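Peer 1: Starting off with a structure, shown below.
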Amino acid sequence: MYTGMLHTHKLVVLLFLIHYVVKLVMLQMGKSEQLAKYTKVTKVPEMILSVGFLFSGGYMLFTTMQFTTLMIIKLVCVFASIPLAVIGFKKGNKALATLAVLLILAAYGLGEVNKAKKAGAKVDTTAVSGDAIAVGKTVYNEKCANCHGADGKLGFSGAKDLSATQLTAEQQKELVRKGKNAMPPYGVEVLSDEQLDAVVQYVATLKQ
Ligand code: HEC
């Protein structure tokens, strides 16, 4: 469900962006007649896109509840761009319309940066090194709990219940390194071999 929403959201955002770039180009080129025609024809699809955008975005926001700074900046960009776009295109104000499109573009870019950062950041376990289970817990809470839940049972975006996994430690390590479906791969640049060992040991403690 989550993955479906994420894809829907991305697609909607991309269509929105293209739609507004087209409108902006017409405005900048002074083709006001074509712009009026285009706006009229796309009125209903645009409404459907807006609803899809808010619905998919809202769904993801409320299921993850991850309000990072980047996410907040992204939301501010999106919500600032709406009135600017409405006024800019209605009044034919090129500066406002351009600003609105730039804000949508910025929000889109931030979404991508956010994603890259989340998967790629190294886990710092220096504070707890020595105790494998403690290291594992730190790694788990930072990298795995958003999908698998603190107890391993969350099942977010199709994640398997880790308290009931039948996989051996070796199979688990391989899966974490390679990733599977919605689960991203974790290479050595993110998790060291010790950290991987530790997180698999920690996962074993989630079993009842
Ligand atoms: C983005 C969400 C996400 C994150 C983050 C994530 N997983 Fe997963 N995980 C999944 C999904 C989805 C599956 C199911 C893959 C499949 O079989 O289709 C899965 C499956 C697994 C399995 C296999 C369980 C089984 O019985 O088949 C293990 C083990 C596992 N994850 C461990 C981890 C560990 C350890 C981490 C942190 C380093 C982690 N996962 C981070 C989504 C995630």
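Here, A, B, ... name the chains of the structure tokens in the order displayed, residue numbers run from 1 inside each chain, and ligands are numbered from 1 in the same displayed order.
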List the spatial neighbours of range 172-177 of chain A as a compact mmCIF listing (two decimals) with all heavy atoms, in the first residue's frame - criterion: any atom at most 7 Å away, only C-alpha atoms, same-chain residues fewer than 2 positions off excluded.
Peer 2:
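For reference, selection.txt as written:
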```
# COMPACT_ATOMS: atom_id res chain seq x y z
N LEU A 167 14.39 -17.17 8.33
CA LEU A 167 15.70 -17.12 7.68
C LEU A 167 16.83 -17.30 8.69
O LEU A 167 16.74 -16.85 9.83
CB LEU A 167 15.89 -15.77 6.97
CG LEU A 167 14.88 -15.41 5.87
CD1 LEU A 167 15.26 -14.08 5.25
CD2 LEU A 167 14.82 -16.49 4.81
N THR A 168 17.91 -17.93 8.25
CA THR A 168 19.09 -18.07 9.10
C THR A 168 19.81 -16.73 9.13
O THR A 168 19.53 -15.84 8.32
CB THR A 168 20.07 -19.11 8.52
OG1 THR A 168 20.54 -18.60 7.26
CG2 THR A 168 19.40 -20.45 8.31
N ALA A 169 20.77 -16.61 10.07
CA ALA A 169 21.53 -15.36 10.18
C ALA A 169 22.22 -15.04 8.86
O ALA A 169 22.23 -13.89 8.41
CB ALA A 169 22.54 -15.48 11.31
N GLU A 170 22.78 -16.07 8.22
CA GLU A 170 23.48 -15.85 6.95
C GLU A 170 22.53 -15.34 5.87
O GLU A 170 22.85 -14.42 5.12
CB GLU A 170 24.17 -17.15 6.48
CG GLU A 170 25.49 -17.45 7.18
CD GLU A 170 26.42 -16.25 7.27
OE1 GLU A 170 26.64 -15.60 6.23
OE2 GLU A 170 26.93 -15.95 8.37
N GLY A 179 19.12 -6.28 -0.45
CA GLY A 179 17.80 -5.68 -0.52
C GLY A 179 16.82 -6.62 -1.20
O GLY A 179 17.24 -7.61 -1.82
N LYS A 180 15.54 -6.35 -1.05
CA LYS A 180 14.52 -7.19 -1.69
C LYS A 180 13.24 -6.39 -1.80
O LYS A 180 12.76 -5.85 -0.81
CB LYS A 180 14.30 -8.45 -0.86
CG LYS A 180 13.48 -9.50 -1.59
CD LYS A 180 13.43 -10.79 -0.79
CE LYS A 180 12.53 -11.79 -1.48
NZ LYS A 180 12.24 -12.94 -0.63
N PRO A 185 18.90 -2.06 -0.35
CA PRO A 185 20.13 -2.75 0.00
C PRO A 185 21.00 -1.89 0.91
O PRO A 185 20.99 -0.67 0.79
CB PRO A 185 20.82 -2.95 -1.36
CG PRO A 185 20.28 -1.87 -2.23
CD PRO A 185 18.91 -1.52 -1.72
N TYR A 186 21.72 -2.53 1.82
CA TYR A 186 22.65 -1.81 2.69
C TYR A 186 24.06 -2.31 2.42
O TYR A 186 24.41 -3.42 2.84
CB TYR A 186 22.29 -2.01 4.17
CG TYR A 186 20.94 -1.44 4.52
CD1 TYR A 186 19.80 -2.19 4.38
CD2 TYR A 186 20.83 -0.13 4.97
CE1 TYR A 186 18.55 -1.66 4.67
CE2 TYR A 186 19.60 0.41 5.26
CZ TYR A 186 18.46 -0.35 5.11
OH TYR A 186 17.24 0.19 5.39
N GLY A 187 24.85 -1.52 1.74
CA GLY A 187 26.21 -1.91 1.41
C GLY A 187 27.16 -1.64 2.56
O GLY A 187 26.76 -1.07 3.58
N LEU A 196 26.47 -5.17 10.67
CA LEU A 196 25.52 -6.10 10.06
C LEU A 196 25.34 -7.32 10.95
O LEU A 196 24.22 -7.75 11.24
CB LEU A 196 26.01 -6.51 8.66
CG LEU A 196 25.13 -7.50 7.92
CD1 LEU A 196 23.74 -6.96 7.71
CD2 LEU A 196 25.74 -7.86 6.57
N VAL A 200 21.79 -8.35 12.97
CA VAL A 200 21.15 -9.66 12.81
C VAL A 200 21.02 -10.35 14.18
O VAL A 200 20.01 -10.98 14.48
CB VAL A 200 21.92 -10.52 11.78
CG1 VAL A 200 21.47 -11.97 11.81
CG2 VAL A 200 21.72 -9.95 10.38
```
Peer 1: Which chain A residues have any atom within 7 Å of an atom of ligand 1, and for each, what is the nearest pair of atoms with distance in Å to one decimal, counting only C-alpha atoms and all ligand atoms, rows sorted by chain and number, as JSON lines?
Peer 2:
```
{"residue": "A:Val139", "atom": "CA", "partner": "ligand 1", "partner_atom_place_in_ligand_line": "38 (C)", "distance": 6.7}
{"residue": "A:Tyr140", "atom": "CA", "partner": "ligand 1", "partner_atom_place_in_ligand_line": "37 (C)", "distance": 5.5}
{"residue": "A:Lys143", "atom": "CA", "partner": "ligand 1", "partner_atom_place_in_ligand_line": "37 (C)", "distance": 4.7}
{"residue": "A:Cys144", "atom": "CA", "partner": "ligand 1", "partner_atom_place_in_ligand_line": "37 (C)", "distance": 3.5}
{"residue": "A:Ala145", "atom": "CA", "partner": "ligand 1", "partner_atom_place_in_ligand_line": "5 (C)", "distance": 6.8}
{"residue": "A:Asn146", "atom": "CA", "partner": "ligand 1", "partner_atom_place_in_ligand_line": "5 (C)", "distance": 6.0}
{"residue": "A:Cys147", "atom": "CA", "partner": "ligand 1", "partner_atom_place_in_ligand_line": "2 (C)", "distance": 4.3}
{"residue": "A:His148", "atom": "CA", "partner": "ligand 1", "partner_atom_place_in_ligand_line": "7 (N)", "distance": 6.1}
{"residue": "A:Phe156", "atom": "CA", "partner": "ligand 1", "partner_atom_place_in_ligand_line": "2 (C)", "distance": 6.8}
{"residue": "A:Ser157", "atom": "CA", "partner": "ligand 1", "partner_atom_place_in_ligand_line": "12 (C)", "distance": 5.6}
{"residue": "A:Gly158", "atom": "CA", "partner": "ligand 1", "partner_atom_place_in_ligand_line": "12 (C)", "distance": 4.3}
{"residue": "A:Ala159", "atom": "CA", "partner": "ligand 1", "partner_atom_place_in_ligand_line": "11 (C)", "distance": 3.3}
{"residue": "A:Lys160", "atom": "CA", "partner": "ligand 1", "partner_atom_place_in_ligand_line": "14 (C)", "distance": 4.7}
{"residue": "A:Asp161", "atom": "CA", "partner": "ligand 1", "partner_atom_place_in_ligand_line": "24 (C)", "distance": 6.5}
{"residue": "A:Leu162", "atom": "CA", "partner": "ligand 1", "partner_atom_place_in_ligand_line": "24 (C)", "distance": 5.7}
{"residue": "A:Ala164", "atom": "CA", "partner": "ligand 1", "partner_atom_place_in_ligand_line": "26 (O)", "distance": 6.8}
{"residue": "A:Thr165", "atom": "CA", "partner": "ligand 1", "partner_atom_place_in_ligand_line": "26 (O)", "distance": 3.6}
{"residue": "A:Gln166", "atom": "CA", "partner": "ligand 1", "partner_atom_place_in_ligand_line": "26 (O)", "distance": 5.4}
{"residue": "A:Leu167", "atom": "CA", "partner": "ligand 1", "partner_atom_place_in_ligand_line": "26 (O)", "distance": 5.5}
{"residue": "A:Gln172", "atom": "CA", "partner": "ligand 1", "partner_atom_place_in_ligand_line": "29 (C)", "distance": 4.4}
{"residue": "A:Leu175", "atom": "CA", "partner": "ligand 1", "partner_atom_place_in_ligand_line": "28 (C)", "distance": 6.4}
{"residue": "A:Val176", "atom": "CA", "partner": "ligand 1", "partner_atom_place_in_ligand_line": "33 (C)", "distance": 5.8}
{"residue": "A:Lys180", "atom": "CA", "partner": "ligand 1", "partner_atom_place_in_ligand_line": "15 (C)", "distance": 4.8}
{"residue": "A:Asn181", "atom": "CA", "partner": "ligand 1", "partner_atom_place_in_ligand_line": "18 (O)", "distance": 5.0}
{"residue": "A:Ala182", "atom": "CA", "partner": "ligand 1", "partner_atom_place_in_ligand_line": "12 (C)", "distance": 4.3}
{"residue": "A:Met183", "atom": "CA", "partner": "ligand 1", "partner_atom_place_in_ligand_line": "42 (C)", "distance": 3.7}
{"residue": "A:Pro184", "atom": "CA", "partner": "ligand 1", "partner_atom_place_in_ligand_line": "1 (C)", "distance": 6.0}
{"residue": "A:Tyr186", "atom": "CA", "partner": "ligand 1", "partner_atom_place_in_ligand_line": "38 (C)", "distance": 6.7}
{"residue": "A:Val199", "atom": "CA", "partner": "ligand 1", "partner_atom_place_in_ligand_line": "35 (C)", "distance": 5.8}
{"residue": "A:Val200", "atom": "CA", "partner": "ligand 1", "partner_atom_place_in_ligand_line": "35 (C)", "distance": 6.0}
{"residue": "A:Val203", "atom": "CA", "partner": "ligand 1", "partner_atom_place_in_ligand_line": "35 (C)", "distance": 6.8}
```
Peer 1: Please produce an output containing C-alpha atoms for each residue in the selection, written as a tab-separated table (two decimals), in the first residue's frame.
Peer 2:
```
chain	number	residue	atom	x	y	z
A	139	VAL	CA	21.56	0.18	13.95
A	140	TYR	CA	18.11	-1.37	14.01
A	143	LYS	CA	17.82	1.89	9.81
A	144	CYS	CA	15.20	-0.79	10.17
A	145	ALA	CA	12.56	0.25	12.66
A	146	ASN	CA	10.73	2.68	10.34
A	147	CYS	CA	9.60	-0.25	8.23
A	148	HIS	CA	9.83	-3.24	10.56
A	156	PHE	CA	5.27	-1.10	6.85
A	157	SER	CA	5.40	-1.02	3.03
A	158	GLY	CA	5.21	-4.81	2.90
A	159	ALA	CA	8.07	-5.46	5.36
A	160	LYS	CA	8.17	-9.00	6.77
A	161	ASP	CA	7.54	-9.69	10.45
A	162	LEU	CA	11.06	-10.09	11.84
A	164	ALA	CA	8.68	-14.61	12.98
A	165	THR	CA	11.38	-14.85	10.30
A	166	GLN	CA	12.50	-18.34	9.31
A	167	LEU	CA	15.70	-17.12	7.68
A	172	GLN	CA	19.35	-12.42	6.66
A	175	LEU	CA	19.13	-10.09	2.19
A	176	VAL	CA	20.16	-6.93	4.03
A	180	LYS	CA	14.52	-7.19	-1.69
A	181	ASN	CA	11.48	-5.54	-3.26
A	182	ALA	CA	10.67	-2.47	-1.14
A	183	MET	CA	13.60	-3.12	1.18
A	184	PRO	CA	16.67	-1.13	0.15
A	186	TYR	CA	22.65	-1.81	2.69
A	199	VAL	CA	21.87	-6.05	13.78
A	200	VAL	CA	21.15	-9.66	12.81
A	203	VAL	CA	16.85	-9.21	15.21
```
Peer 1: With distances taken over only C-alpha atoms, which residue among A:Gln195, A:Ser56, A:Ser81, A:Asn93 lies nearest Lys137 in chain A?
Peer 2: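 For Lys137 in chain A, the nearest of the candidates is A:Gln195.
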Peer 1: So which residues of range 34-203 of chain A fall under alpha helix (DSSP H) by DSSP, listed as a PyMOL selection string?
Peer 2: chain A and resi 34-41+43-64+69-91+94-120+132-139+145-148+169-178+193-203
Peer 1: Range 122-131 of chain A: which residues within 9 Å, counting only C-alpha atoms, same-chain residues fewer than 4 positions away excluded, as an NGL selection string?
Peer 2: :A and (135-136 or 138-139 or 142-143 or 189-192 or 195 or 198)
Peer 1: Near Leu17 in chain A, within 10 Å and counting only C-alpha atoms, which residues show up once chain neighbours fewer than 3 positions away are dropped, as number ranges by chain?
Peer 2: A: 11-14, 20-23, 101-102, 104-105, 108
Peer 1: Which residue gives the smallest distance to Ala107 in chain A among A:Val25, A:Phe16, A:Phe62, A:Thr42, with only C-alpha atoms counted?
Peer 2: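 Checking each of A:Val25, A:Phe16, A:Phe62, A:Thr42 against Ala107 in chain A, counting only C-alpha atoms, the winner is A:Phe16.
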